[in-house]
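Below is one structure, written out as structure tokens; the observations come after it.
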Amino acid sequence: MQHFLSVRDLSANTIETILKQAEVIGDTREQNKGYFAANLFFEPSTRTKMSFVVAERKLGLDTLDFHTEKSSMTKGESLYDTVRTFEAIGADLLVIRHANDNWCNELDGNISVPIINAGAGKGEHPTQCMLDLYTIKQEFGAFKGLNVAIAGDIKHSRVARSHVSALKTMGANVYFVDVPGFRDENLDIPYITMDEACVMCDVLMLLRIQHERHGDVAYNTSSYLEKYGLTIERERKMQNHAIIMHPAPVNRNVEIDTRLVECSRSRIFKQMENGVAVRMGIMDYLLAERSVIV
Ligand code: CP
């Protein structure tokens, strides 16, 4: 694997290998000295960008930061030329987030250093998916037969798109919670109600309403929690062992009652914590494959 752009083509074996890598990765600071990772975020991010920076530094990589508004993109430079520039000046690894669903297609095949997709519009968010798989595995040990319900703004969610593919590969049963206007009919996944999801799922994965991807149509969230969100009453119907996940940022009191964000079955901050190890595992895997770092 040259790049890490999508989970669609990953086999169960490759997924397990990367998860194992994340579990056992130790201190590799010395062996990676002198190598550069560039973090090119063309969309806002808190946890993905910062956990990549922490992961890179733990791996001993020097980090190159980038701010679109202070870059030559303000002079009209394209994404491709910006990325080629980082490659030319010696970046050994590129971490990219961009609002375009298909930015990976433009770069795949044209850039020789490893690229990691840190979010592509409504397309995919493969490193979020891997850290979520890691969190689920930590909890249940395996994926086969697990009931995972994904609830929220499916239509605009890159997280949902990555999860459907990877969870199916790993043998989990995936369901979507039906929220009018947020269905994606291109994904062949059964829809259930939030009440059904709470009763039958092992993992309830909540998604943020992606207001920034709704165009000019403002979505009214005033009755969302009561109709489709995780209320205290619904949480009480969940099985004892079931967990709550959310890629965050969380719209408190919209998709989840604020009192449940840090409840005993919530793994929301655990997911963030796991993001560092998993991103270390992914970068280590790619760099080793490329034989930049032996
Ligand atoms: N989960 C996630 O991608 O969060 P950020 O947008 O803060 O990176």
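Within each chain, counting starts at residue 1; across the structure tokens, chains are named A, B, ... in the order shown, with ligands numbered 1 upward in that order.
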task: Dump the neighbourhood of ligand 1 as a list in words: all residues within 6 Å, distances computed on only C-alpha atoms and all ligand atoms.
output: Ser45, Thr46, Arg47, Thr48, Lys49, Pro247, Ala248 and Pro249 of chain A
field: Every residue of segment 78-148 of chain A that DSSP places in alpha helix (DSSP H), as a ChimeraX atom specification
entry: /A:79-88,103-107,126-140
task: Compile the contact shell of Leu59 of chain A as a list in words: residues with an atom at most 12 Å away, counting only C-alpha atoms, same-chain residues fewer than 5 positions apart removed.
output: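 Residues meeting the cut-off are Ala22, Ile25, Gly26, Asp27, Thr28, Arg29, Glu30, Gln31, Asn32, Lys33, Gly34, Tyr35, Phe36, Ala37, Phe52, Val53, Val54, Val276, Ala277, Val278, Arg279, Met280, Gly281, Ile282, Met283, Asp284, Tyr285, Leu287 and Ile293 of chain A.
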Got time to write the residues from that selection, C-alpha atoms, as an mmCIF file, in the first residue's frame?
```
data_model
loop_
_atom_site.group_PDB
_atom_site.id
_atom_site.type_symbol
_atom_site.label_atom_id
_atom_site.label_comp_id
_atom_site.auth_asym_id
_atom_site.auth_seq_id
_atom_site.Cartn_x
_atom_site.Cartn_y
_atom_site.Cartn_z
ATOM 1 C CA ALA A 22 -1.170 0.542 16.776
ATOM 2 C CA ILE A 25 3.987 0.482 18.560
ATOM 3 C CA GLY A 26 6.704 1.719 20.862
ATOM 4 C CA ASP A 27 9.172 4.542 20.817
ATOM 5 C CA THR A 28 10.635 4.921 17.332
ATOM 6 C CA ARG A 29 11.898 8.486 17.765
ATOM 7 C CA GLU A 30 15.554 7.661 17.175
ATOM 8 C CA GLN A 31 15.132 5.654 13.987
ATOM 9 C CA ASN A 32 12.916 8.294 12.338
ATOM 10 C CA LYS A 33 15.115 11.341 12.985
ATOM 11 C CA GLY A 34 15.462 13.666 10.016
ATOM 12 C CA TYR A 35 12.210 12.678 8.299
ATOM 13 C CA PHE A 36 9.428 15.192 7.692
ATOM 14 C CA ALA A 37 5.648 14.876 7.844
ATOM 15 C CA PHE A 52 -1.454 13.509 13.841
ATOM 16 C CA VAL A 53 1.029 16.070 15.190
ATOM 17 C CA VAL A 54 1.368 14.161 18.482
ATOM 18 C CA VAL A 276 -2.824 8.922 18.463
ATOM 19 C CA ALA A 277 -1.782 5.250 18.602
ATOM 20 C CA VAL A 278 -3.755 4.333 15.502
ATOM 21 C CA ARG A 279 -2.306 7.200 13.468
ATOM 22 C CA MET A 280 1.160 6.173 14.655
ATOM 23 C CA GLY A 281 0.381 2.647 13.469
ATOM 24 C CA ILE A 282 -0.808 3.823 10.054
ATOM 25 C CA MET A 283 2.208 6.082 9.485
ATOM 26 C CA ASP A 284 4.636 3.437 10.673
ATOM 27 C CA TYR A 285 3.001 0.897 8.335
ATOM 28 C CA LEU A 287 6.786 4.356 5.972
ATOM 29 C CA ILE A 293 12.423 4.087 7.352
#
```
task: Just give me the gap between atom CA of Thr82 of chain A and atom CA of Leu61 of chain A in Å, one decimal is fine.
output: 20.6 Å
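Nearest residue to Glu196 of chain A, choosing from A:Val250, A:Ala242, A:Ala149, A:Ala142 and counting only C-alpha atoms: A:Ala149.
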- request: With a distance cut-off of 7 Å and only C-alpha atoms, select the neighbouring residues of Ser266 of chain A, excluding the residue or stretch itself and same-chain residues fewer than 5 positions from it, and output the selection as a ChimeraX atom specification.
  value: /A:243-245,261
Got a sec: who's within 12 Å of Ala12 of chain A, counting only C-alpha atoms, leaving out chain neighbours fewer than 5 positions off, as a PDB file with C-alpha atoms, in the first residue's frame?
```
ATOM      1  CA  VAL A   7     -10.700   1.817   3.629  1.00  0.00           C
ATOM      2  CA  THR A  17      -2.286  -5.765  10.892  1.00  0.00           C
ATOM      3  CA  ILE A  18      -2.622  -1.993  11.272  1.00  0.00           C
ATOM      4  CA  LEU A  19      -4.692  -2.351  14.452  1.00  0.00           C
ATOM      5  CA  MET A 130      -9.454   2.830  11.915  1.00  0.00           C
ATOM      6  CA  LEU A 133     -12.377  -0.041  14.792  1.00  0.00           C
ATOM      7  CA  ALA A 142     -13.688  -9.000  17.556  1.00  0.00           C
ATOM      8  CA  PHE A 143     -16.170  -7.636  15.030  1.00  0.00           C
ATOM      9  CA  LYS A 144     -18.021 -10.638  13.640  1.00  0.00           C
ATOM     10  CA  SER A 165     -17.155  -0.479   4.128  1.00  0.00           C
ATOM     11  CA  ALA A 166     -14.713  -1.437   6.891  1.00  0.00           C
ATOM     12  CA  LEU A 167     -17.293  -2.813   9.337  1.00  0.00           C
ATOM     13  CA  LYS A 168     -18.744  -5.038   6.615  1.00  0.00           C
ATOM     14  CA  THR A 169     -15.248  -6.260   5.733  1.00  0.00           C
ATOM     15  CA  MET A 170     -14.753  -7.163   9.395  1.00  0.00           C
ATOM     16  CA  GLY A 171     -18.073  -9.056   9.595  1.00  0.00           C
ATOM     17  CA  ALA A 172     -20.164  -6.645  11.696  1.00  0.00           C
TER      18      ALA A 172
END
```
Residue among A:Asp216, A:Asp153, A:Asp195, A:Glu262 lying closest to Met238 of chain A, counting only C-alpha atoms: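 Checking each candidate against Met238 of chain A, we get A:Asp195 as the closest.
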field: Exercise: segment 101-107 of chain A partners within 10 Å, only C-alpha atoms, chain neighbours under 3 positions left out, as a ChimeraX atom specification
entry: /A:3-6,79-80,83-84,96-98,110-112,115-117,119-124,158
Spatial neighbours of Thr193 of chain A, max dist 9 Å, only C-alpha atoms, sep filter under 4 positions, as JSON, numbers by chain: {"A": [176, 177, 178, 179, 197, 198, 228]}
Among listed residues A:Leu40, A:Ser51, A:Pro190, A:Leu131, nearest Glu87 of chain A (using only C-alpha atoms):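 The answer is A:Leu40, which sits nearest to Glu87 of chain A.
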field: Best match for closeness to Gly90 of chain A among A:Glu16, A:Ser11, A:Leu64, A:Phe41, counting only C-alpha atoms
entry: A:Leu64
